[in-house]
Amino acid sequence: MFAVQADSHEVVTVEGLGAADGGLGILQDSFWETHALQCGYCTPGMLIAAQALLESDADPDDEAIVDAIGGNLCRCTGYQGIVAAALDAAQRLQKEKAAGAPQSAT
Ligand code: FES
C-alpha cells in the first residue's frame, strides 16, 4: 500500500510485536520455538500476517493460516514451521486469556 493510504491509521511494524519488557512477544516466541524463522525478508511479513490473523481469529485452523500468509512468498521453505508457530501462538494466547492475564497479542 502507499504510505498515504495509512494516513490517520495505526501502523505496527515487526518491531512492534515484542513484549512490553523488550523480550519476544508470544507470536515471536512461537516462531522461535517451532523453528519458523526464515530470512530477514520474509519473516517480518510472516509475523505481521500471522499477527493480523490472530487479532481477527483467535482459533485459526491450518487453512486459515495458510490463507493469511499467502501474500508472503518464500521459495526456501514449506511453510510448516510457520503454520505450527501460528497454531502455537493461538493456543498460548487462548490460555493467557482464560487465565485472565493481560492480552499481549504479540
Ligand atoms: Fe525468506 Fe525464503 S527464507 S524468502
# chains A, B, ... in the order shown; residues from 1 in each chain; ligands from 1
>>> residues_near_ligand(ligand="ligand 1", cutoff="9 Å", atoms="only C-alpha atoms and all ligand atoms", output="ChimeraX atom specification")
/A:37-43,72-77
>>> residues_around(residues="stretch 19-33 of chain A", least_positions_apart="2", cutoff="10 Å", atoms="only C-alpha atoms", output="number ranges by chain")
A: 14-17, 35-38, 43-44, 46-48, 50-51, 54, 81-90, 92-93, 104-106
>>> write_last_selection(atoms="C-alpha atoms", output="compact mmCIF listing (two decimals), in the first residue's frame")
# COMPACT_ATOMS: atom_id res chain seq x y z
CA VAL A 14 7.51 -6.16 13.19
CA GLU A 15 9.45 -4.23 15.81
CA GLY A 16 6.12 -3.50 17.49
CA LEU A 17 5.36 -7.17 18.11
CA HIS A 35 11.84 -23.05 14.12
CA ALA A 36 9.62 -20.99 11.85
CA LEU A 37 12.18 -18.24 11.49
CA GLN A 38 13.35 -17.72 7.98
CA THR A 43 9.95 -13.43 8.41
CA PRO A 44 8.71 -9.90 9.21
CA MET A 46 5.01 -13.72 8.00
CA LEU A 47 4.89 -12.37 11.55
CA ILE A 48 2.73 -9.39 10.63
CA ALA A 50 0.06 -14.08 11.41
CA GLN A 51 -0.47 -11.28 13.93
CA LEU A 54 -4.70 -13.86 15.33
CA GLY A 81 7.00 -24.24 10.77
CA ILE A 82 5.09 -21.02 10.25
CA VAL A 83 1.74 -22.78 10.45
CA ALA A 84 2.92 -24.56 13.59
CA ALA A 85 4.04 -21.25 15.09
CA ALA A 86 0.71 -19.56 14.46
CA LEU A 87 -1.17 -22.52 15.94
CA ASP A 88 1.13 -22.49 18.97
CA ALA A 89 0.68 -18.75 19.46
CA ALA A 90 -3.10 -19.09 19.18
CA ARG A 92 -0.85 -19.72 24.14
CA LEU A 93 -2.97 -16.59 23.70
CA SER A 104 -0.44 -9.34 24.62
CA ALA A 105 -1.40 -10.33 21.14
CA THR A 106 2.22 -10.46 20.25
>>> atom_distance(atom1="atom CA of A:Gln80", atom2="atom CA of A:Ile65")
10.4 Å
>>> select_by_dssp(residues="chain A", states="helix (DSSP H, G or I)", output="PyMOL selection string")
chain A and resi 3-6+14-17+26-33+42-56+62-68+80-98
>>> atom_distance(atom1="atom CA of A:Ala49", atom2="atom CA of A:Tyr79")
13.2 Å
